[in-house]
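Dropping final11.txt in here (compact mmCIF, C-alpha atoms):
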```txt
# COMPACT_ATOMS: atom_id res chain seq x y z
CA MET A 24 3.22 -0.82 -12.86
CA ARG A 25 3.23 -4.57 -13.48
CA TYR A 26 1.73 -7.76 -12.08
CA ASP A 27 3.20 -11.25 -12.12
CA ASN A 28 1.53 -14.67 -12.08
CA MET A 29 -1.81 -13.62 -13.60
CA VAL A 30 -4.54 -16.24 -14.07
CA PRO A 31 -7.84 -15.79 -15.97
CA GLY A 32 -11.15 -16.84 -14.48
CA ARG A 33 -14.91 -16.29 -14.38
CA PHE A 34 -16.55 -14.29 -11.63
CA ARG A 35 -19.30 -16.12 -9.76
CA SER A 36 -20.31 -14.02 -6.75
CA ARG A 37 -19.12 -11.62 -4.06
CA PRO A 38 -20.11 -12.84 -0.60
CA ASN A 39 -18.81 -9.62 0.95
CA ARG A 40 -16.78 -6.59 -0.11
CA PHE A 41 -13.47 -8.28 0.67
CA VAL A 42 -13.76 -11.58 -1.20
CA ALA A 43 -15.22 -13.05 -4.38
CA LEU A 44 -15.78 -16.54 -5.72
CA VAL A 45 -14.03 -17.06 -9.05
CA ASP A 46 -13.89 -20.18 -11.24
CA MET A 47 -10.31 -20.74 -12.39
CA GLU A 48 -8.00 -23.62 -13.12
CA GLY A 49 -10.89 -26.09 -12.89
CA GLN A 50 -12.09 -25.12 -9.43
CA THR A 51 -13.83 -22.33 -7.54
CA GLN A 52 -11.41 -20.13 -5.61
CA VAL A 53 -12.07 -17.63 -2.84
CA VAL A 54 -10.11 -14.56 -3.96
CA HIS A 55 -9.32 -11.26 -2.28
CA VAL A 56 -11.02 -8.25 -3.92
CA LYS A 57 -8.55 -5.34 -3.98
CA ASN A 58 -11.36 -2.79 -4.16
CA THR A 59 -13.93 -2.28 -1.41
CA GLY A 60 -16.18 -0.16 -3.66
CA ARG A 61 -19.48 -1.46 -4.96
CA CYS A 62 -18.30 -2.28 -8.50
CA ARG A 63 -21.76 -3.68 -9.26
CA GLU A 64 -21.54 -2.77 -12.94
CA LEU A 65 -18.27 -4.73 -13.19
CA LEU A 66 -18.68 -7.85 -11.06
CA ILE A 67 -21.47 -9.63 -12.91
CA PRO A 68 -21.74 -13.44 -12.75
CA GLY A 69 -19.98 -15.01 -15.71
CA THR A 70 -17.73 -12.02 -16.37
CA ARG A 71 -14.14 -12.82 -17.30
CA VAL A 72 -11.67 -11.60 -14.69
CA TRP A 73 -7.92 -11.71 -14.10
CA CYS A 74 -6.42 -12.64 -10.76
CA GLN A 75 -2.88 -12.54 -9.41
CA ARG A 76 -1.54 -15.60 -7.63
CA ALA A 77 -0.09 -14.62 -4.25
CA ALA A 78 3.63 -15.09 -3.72
CA ASN A 79 3.04 -16.32 -0.16
CA PRO A 80 1.69 -19.91 -0.31
CA SER A 81 0.50 -19.75 3.32
CA ARG A 82 -1.76 -16.74 2.72
CA LYS A 83 -5.44 -17.32 3.51
CA THR A 84 -6.56 -16.33 -0.01
CA GLN A 85 -4.22 -17.43 -2.77
CA PHE A 86 -5.40 -14.90 -5.38
CA ASP A 87 -6.13 -11.17 -5.71
CA LEU A 88 -8.78 -9.98 -8.17
CA ILE A 89 -7.05 -7.36 -10.34
CA ALA A 90 -8.92 -6.74 -13.60
CA VAL A 91 -12.29 -7.38 -15.21
CA GLU A 92 -13.56 -7.38 -18.76
CA LYS A 93 -16.57 -5.15 -19.45
CA GLY A 94 -17.58 -5.69 -23.04
CA SER A 95 -14.50 -4.86 -25.09
CA ARG A 96 -12.87 -2.95 -22.22
CA LEU A 97 -10.36 -4.30 -19.75
CA ILE A 98 -10.71 -2.40 -16.47
CA ASN A 99 -8.17 -2.55 -13.68
CA MET A 100 -10.05 -2.51 -10.35
CA ASP A 101 -7.09 -2.72 -7.97
CA SER A 102 -7.58 0.26 -5.64
CA GLN A 103 -3.82 0.41 -4.96
CA ALA A 104 -2.91 0.68 -8.63
CA PRO A 105 -3.81 4.37 -9.22
CA ASN A 106 -1.32 5.63 -6.61
CA GLN A 107 1.44 3.40 -7.93
CA ALA A 108 0.77 4.46 -11.52
CA ALA A 109 0.57 8.13 -10.47
CA GLY A 110 3.90 7.91 -8.67
CA GLN A 111 5.55 6.50 -11.78
CA TRP A 112 3.87 9.14 -13.96
CA LEU A 113 5.03 11.99 -11.73
CA ALA A 114 8.57 10.62 -11.51
CA GLY A 115 8.60 10.28 -15.29
CA GLY A 116 7.75 13.94 -15.85
CA GLY A 117 3.99 13.75 -16.30
CA LEU A 118 3.64 17.27 -14.90
CA GLY A 119 7.13 18.33 -15.88
CA PRO A 120 10.40 17.89 -13.98
CA VAL A 121 9.58 17.53 -10.28
CA ASP A 122 11.91 17.44 -7.29
CA HIS A 123 11.50 16.06 -3.77
CA LEU A 124 8.70 13.68 -4.79
CA ARG A 125 7.26 12.11 -1.64
CA PRO A 126 4.21 9.91 -0.98
CA GLU A 127 1.80 10.30 1.94
CA THR A 128 2.56 13.87 2.99
CA VAL A 129 0.75 15.55 5.88
CA HIS A 130 -0.22 19.21 5.59
CA GLY A 131 -2.56 20.75 8.14
CA ASP A 132 -5.25 18.18 8.90
CA SER A 133 -4.85 16.44 5.53
CA ARG A 134 -2.66 13.59 4.35
CA PHE A 135 -2.13 13.95 0.61
CA ASP A 136 -1.02 11.13 -1.66
CA PHE A 137 2.00 13.03 -2.98
CA SER A 138 4.01 16.19 -2.45
CA PHE A 139 6.71 17.53 -4.75
CA THR A 140 8.39 20.70 -5.92
CA LEU A 141 7.56 21.99 -9.39
CA ASP A 142 9.20 25.16 -10.73
CA GLY A 143 10.37 25.95 -7.20
CA ARG A 144 6.86 25.68 -5.71
CA THR A 145 5.78 23.09 -3.16
CA CYS A 146 2.77 21.16 -4.44
CA PHE A 147 0.31 18.60 -3.11
CA LEU A 148 -1.52 16.03 -5.22
CA GLU A 149 -4.39 13.72 -4.35
CA VAL A 150 -5.14 10.63 -6.46
CA LYS A 151 -8.59 9.14 -7.10
CA GLY A 152 -9.05 5.88 -8.98
CA VAL A 153 -12.00 5.67 -11.39
CA THR A 154 -13.66 2.43 -12.50
CA LEU A 155 -17.24 3.63 -13.13
CA GLU A 156 -17.98 3.99 -16.86
CA ASN A 157 -21.09 4.22 -19.03
CA GLU A 158 -20.88 4.58 -22.83
CA GLY A 159 -17.42 6.09 -22.60
CA VAL A 160 -18.27 8.60 -19.85
CA CYS A 161 -16.50 8.01 -16.53
CA ALA A 162 -17.61 9.33 -13.16
CA PHE A 163 -16.36 9.50 -9.59
CA PRO A 164 -17.24 8.36 -6.99
CA ASP A 165 -19.21 5.12 -7.33
CA ALA A 166 -20.28 5.41 -3.67
CA PRO A 167 -20.52 8.39 -1.26
CA THR A 168 -17.11 9.43 0.09
CA GLN A 169 -16.84 11.93 2.92
CA ARG A 170 -13.09 11.30 2.92
CA GLY A 171 -12.86 12.36 -0.72
CA ALA A 172 -14.62 15.66 -0.05
CA LYS A 173 -12.33 16.27 2.94
CA HIS A 174 -9.28 15.83 0.70
CA LEU A 175 -10.67 18.42 -1.70
CA ARG A 176 -11.26 20.90 1.10
CA GLY A 177 -7.65 20.36 2.20
CA LEU A 178 -6.45 21.10 -1.32
CA ILE A 179 -8.56 24.27 -1.38
CA ARG A 180 -6.86 25.44 1.81
CA ALA A 181 -3.43 24.58 0.41
CA ALA A 182 -4.14 26.55 -2.77
CA GLY A 183 -5.25 29.50 -0.65
CA GLU A 184 -1.94 29.35 1.21
CA GLY A 185 0.00 29.62 -2.04
CA TYR A 186 0.87 25.97 -2.60
CA GLY A 187 0.31 24.13 -5.85
CA ALA A 188 -2.72 21.86 -5.47
CA TYR A 189 -3.80 19.03 -7.78
CA VAL A 190 -6.35 16.25 -7.85
CA LEU A 191 -5.61 13.49 -10.37
CA PHE A 192 -8.40 11.12 -11.43
CA VAL A 193 -6.70 7.97 -12.71
CA ILE A 194 -9.21 6.28 -15.02
CA GLN A 195 -8.37 2.60 -14.83
CA MET A 196 -9.18 1.87 -18.48
CA ALA A 197 -8.49 3.25 -21.97
CA GLU A 198 -10.45 4.93 -24.75
CA VAL A 199 -12.99 6.94 -22.79
CA SER A 200 -14.50 10.23 -23.94
CA LEU A 201 -15.25 12.24 -20.79
CA PHE A 202 -14.88 12.43 -17.03
CA ARG A 203 -17.37 14.10 -14.71
CA PRO A 204 -18.26 14.12 -11.00
CA ASN A 205 -21.04 11.75 -10.02
CA ASP A 206 -23.69 14.19 -8.75
CA ALA A 207 -26.35 11.51 -8.44
CA THR A 208 -24.26 9.36 -6.09
CA ASP A 209 -22.42 12.04 -4.08
CA PRO A 210 -23.57 15.64 -4.62
CA GLN A 211 -21.32 16.82 -1.76
CA PHE A 212 -18.20 15.52 -3.47
CA ALA A 213 -19.32 16.98 -6.80
CA ALA A 214 -19.89 20.39 -5.21
CA ALA A 215 -16.51 20.23 -3.47
CA LEU A 216 -14.82 19.42 -6.78
CA ARG A 217 -16.39 22.48 -8.41
CA ASP A 218 -15.35 24.59 -5.43
CA ALA A 219 -11.81 23.25 -5.75
CA ALA A 220 -11.62 24.17 -9.44
CA ALA A 221 -12.89 27.67 -8.65
CA ALA A 222 -10.30 28.02 -5.86
CA GLY A 223 -7.36 27.28 -8.15
CA VAL A 224 -6.94 23.52 -7.60
CA THR A 225 -5.84 21.89 -10.85
CA ILE A 226 -8.23 19.07 -11.85
CA LEU A 227 -6.69 16.34 -14.02
CA ALA A 228 -8.14 13.16 -15.52
CA MET A 229 -5.94 10.61 -17.27
CA ASP A 230 -6.84 7.29 -18.83
CA CYS A 231 -4.60 4.23 -18.64
CA ALA A 232 -3.26 1.54 -20.91
CA VAL A 233 -4.42 -1.64 -19.19
CA THR A 234 -3.41 -5.26 -19.75
CA PRO A 235 -3.87 -8.20 -17.38
CA GLU A 236 -0.23 -7.71 -16.35
CA SER A 237 0.05 -3.92 -16.24
CA MET A 238 -1.49 -0.47 -15.90
CA GLU A 239 0.19 2.73 -17.07
CA ILE A 240 -1.14 6.29 -17.24
CA ARG A 241 -1.60 7.18 -20.88
CA ARG A 242 -3.25 10.45 -21.90
CA PRO A 243 -5.61 13.24 -20.70
CA VAL A 244 -9.39 12.87 -20.73
CA PRO A 245 -11.71 15.90 -21.08
CA ILE A 246 -13.37 16.93 -17.80
CA CYS A 247 -16.91 18.26 -17.48
CA LEU A 248 -17.83 19.85 -14.15
CA ASN A 249 -21.35 20.97 -15.16
CA PRO A 250 -24.17 19.10 -13.39
CA LEU A 251 -26.12 16.86 -15.77
CA SER A 252 -29.32 18.55 -14.61
CA GLU A 253 -28.15 21.89 -16.00
CA SER A 254 -27.28 20.94 -19.55
CA ARG A 255 -26.27 18.11 -21.79
CA GLU A 256 -23.73 20.44 -23.34
CA CYS A 257 -20.48 20.74 -21.46
CA ALA A 258 -17.50 23.03 -21.62
CA THR A 259 -14.57 20.78 -20.78
CA LEU A 260 -11.39 21.54 -18.86
```
Could you quickly redo this structure as structure tokens?
Amino acid sequence: MRYDNMVPGRFRSRPNRFVALVDMEGQTQVVHVKNTGRCRELLIPGTRVWCQRAANPSRKTQFDLIAVEKGSRLINMDSQAPNQAAGQWLAGGGLGPVDHLRPETVHGDSRFDFSFTLDGRTCFLEVKGVTLENEGVCAFPDAPTQRGAKHLRGLIRAAGEGYGAYVLFVIQMAEVSLFRPNDATDPQFAAALRDAAAAGVTILAMDCAVTPESMEIRRPVPICLNPLSESRECATL
């Protein structure tokens, strides 16, 4: 996926979860933040960010905050980007040749991000974007998410009914070493993810090639489902 009309700037502050103040082009702009998560480890005053100029000149905010530099890493923090990148990855054969690829598919009481047919089997896939990183280890979520755990329970039911079931963690940066559930922030989601793996749901984590103008799913990242409290050693998926 690609972005047009990107402008660099410096983050100043975030008055609320929807907007930020960014210094760019010689003035301070109120920009829309395309991620309602906390992102406290990313949005630090003085940090270099990249914003997209809106195509509609009459829009209330003229820019969207898309990416942020964290040390040597460029991290895409657009919460819509993981689904778009996942759709392109699936269509391009990321899981193999798929047919009948559809977004936003309802099954039971769940609405999954994608459905498709793979090897003659109907499958459902849920996408989760990941921006939380510490020394190369990424974790999800960065805030409690009852909705995320509900999606996992829906995938567990789908797997029990004979459907293919997948959860894809799209890590919105490159060159990371490990992905794991964030037990400290949301133990319920972490437990649900382990239950999903045990029930036959396929757990995937992929990093991305990120530039200010693009984000593309790149390659698999090892997954550790063991709680940190149990052991520092981890058998990865």
Within 9 Å of (7.3, 19.1, -4.9), in the coordinates the file gives, what residues turn up when you count only C-alpha atoms, written out as a PyMOL selection string? chain A and resi 121-125+137-147+187
Within 12 Å of stretch 109-115 of chain A, counting all atoms listed in the file, which residues qualify if same-chain residues fewer than 2 places away don't, as a PyMOL selection string? chain A and resi 24-25+103-107+117-127+136-141+146-152+189-195+227-231+238-242
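Look at stretch 83-92 of chain A: the protein and nucleic acid residues within 8 Å of it, using all atoms listed in the file and passing over chain neighbours fewer than 5 places away, are Gln52, Val53, Val54, His55, Val56, Lys57, Leu65, Leu66, Thr70, Arg71, Val72, Trp73, Cys74, Gln75, Arg76, Ala77, Leu97, Ile98, Asn99, Met100, Asp101 and Pro235 of chain A.
Using only C-alpha atoms, the nearest neighbour of A:Arg96 within the list A:Ser133, A:Ser36, A:Thr154, A:Asn205 is A:Thr154.
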Which residue out of A:Thr51, A:Arg217, A:Asn58, A:Ile246 has the minimum interatomic distance to A:Val199 when only C-alpha atoms are used? A:Ile246
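Residue neighbourhood of A:Gly69, excluding near-sequence residues (fewer than 4 positions): Arg33, Phe34 and Arg35 of chain A, at 9 Å, using only C-alpha atoms.
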Pairwise distance for atom CA of A:Pro38 and atom CA of A:Glu236, rounded to one decimal in Å: 25.9 Å
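Restricting the calculation to all atoms listed in the file, the smallest distance between A:Gly183 and any of A:Asn79, A:Thr208, A:Ala221, A:Glu48 is found for A:Ala221.
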Please report the interatomic distance between atom CA of A:Ser200 and atom CA of A:Gly159 in Å with one decimal. 5.2 Å
How big is the axis-aligned box, and where does its centre sit, when it encloses all atoms of stretch 126-132 of chain A listed in the file and has 6 Å added on every side, reported in Å to one decimal as lines of an AutoDock Vina configuration file?
```
center_x = -0.5
center_y = 15.3
center_z = 4.0
size_x = 21.5
size_y = 22.8
size_z = 21.9
```
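The space separating atom CA of A:Gly185 from atom CA of A:Gly223 comes to 9.8 Å.
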Excluding A:Pro250 and any residue of its chain fewer than 5 positions from it, enumerate the residues within 9 Å of it, using all atoms listed in the file, and give them as a list in words. Arg203, Pro204, Asn205, Asp206, Ala213 and Arg255 of chain A
Name the residues, using the chain letters and numbers of the file, that sit within 8 Å of (-14.6, 17.4, 0.2) when counting only C-alpha atoms, and give them as a PyMOL selection string. chain A and resi 169-177+211-212+215-216
Export of the given selection (C-alpha atoms) as a PDB file, in the coordinates of the input:
```pdb
ATOM      1  CA  GLN A 169     -16.840  11.930   2.920  1.00  0.00           C
ATOM      2  CA  ARG A 170     -13.090  11.300   2.920  1.00  0.00           C
ATOM      3  CA  GLY A 171     -12.860  12.360  -0.720  1.00  0.00           C
ATOM      4  CA  ALA A 172     -14.620  15.660  -0.050  1.00  0.00           C
ATOM      5  CA  LYS A 173     -12.330  16.270   2.940  1.00  0.00           C
ATOM      6  CA  HIS A 174      -9.280  15.830   0.700  1.00  0.00           C
ATOM      7  CA  LEU A 175     -10.670  18.420  -1.700  1.00  0.00           C
ATOM      8  CA  ARG A 176     -11.260  20.900   1.100  1.00  0.00           C
ATOM      9  CA  GLY A 177      -7.650  20.360   2.200  1.00  0.00           C
ATOM     10  CA  GLN A 211     -21.320  16.820  -1.760  1.00  0.00           C
ATOM     11  CA  PHE A 212     -18.200  15.520  -3.470  1.00  0.00           C
ATOM     12  CA  ALA A 215     -16.510  20.230  -3.470  1.00  0.00           C
ATOM     13  CA  LEU A 216     -14.820  19.420  -6.780  1.00  0.00           C
TER      14      LEU A 216
END
```
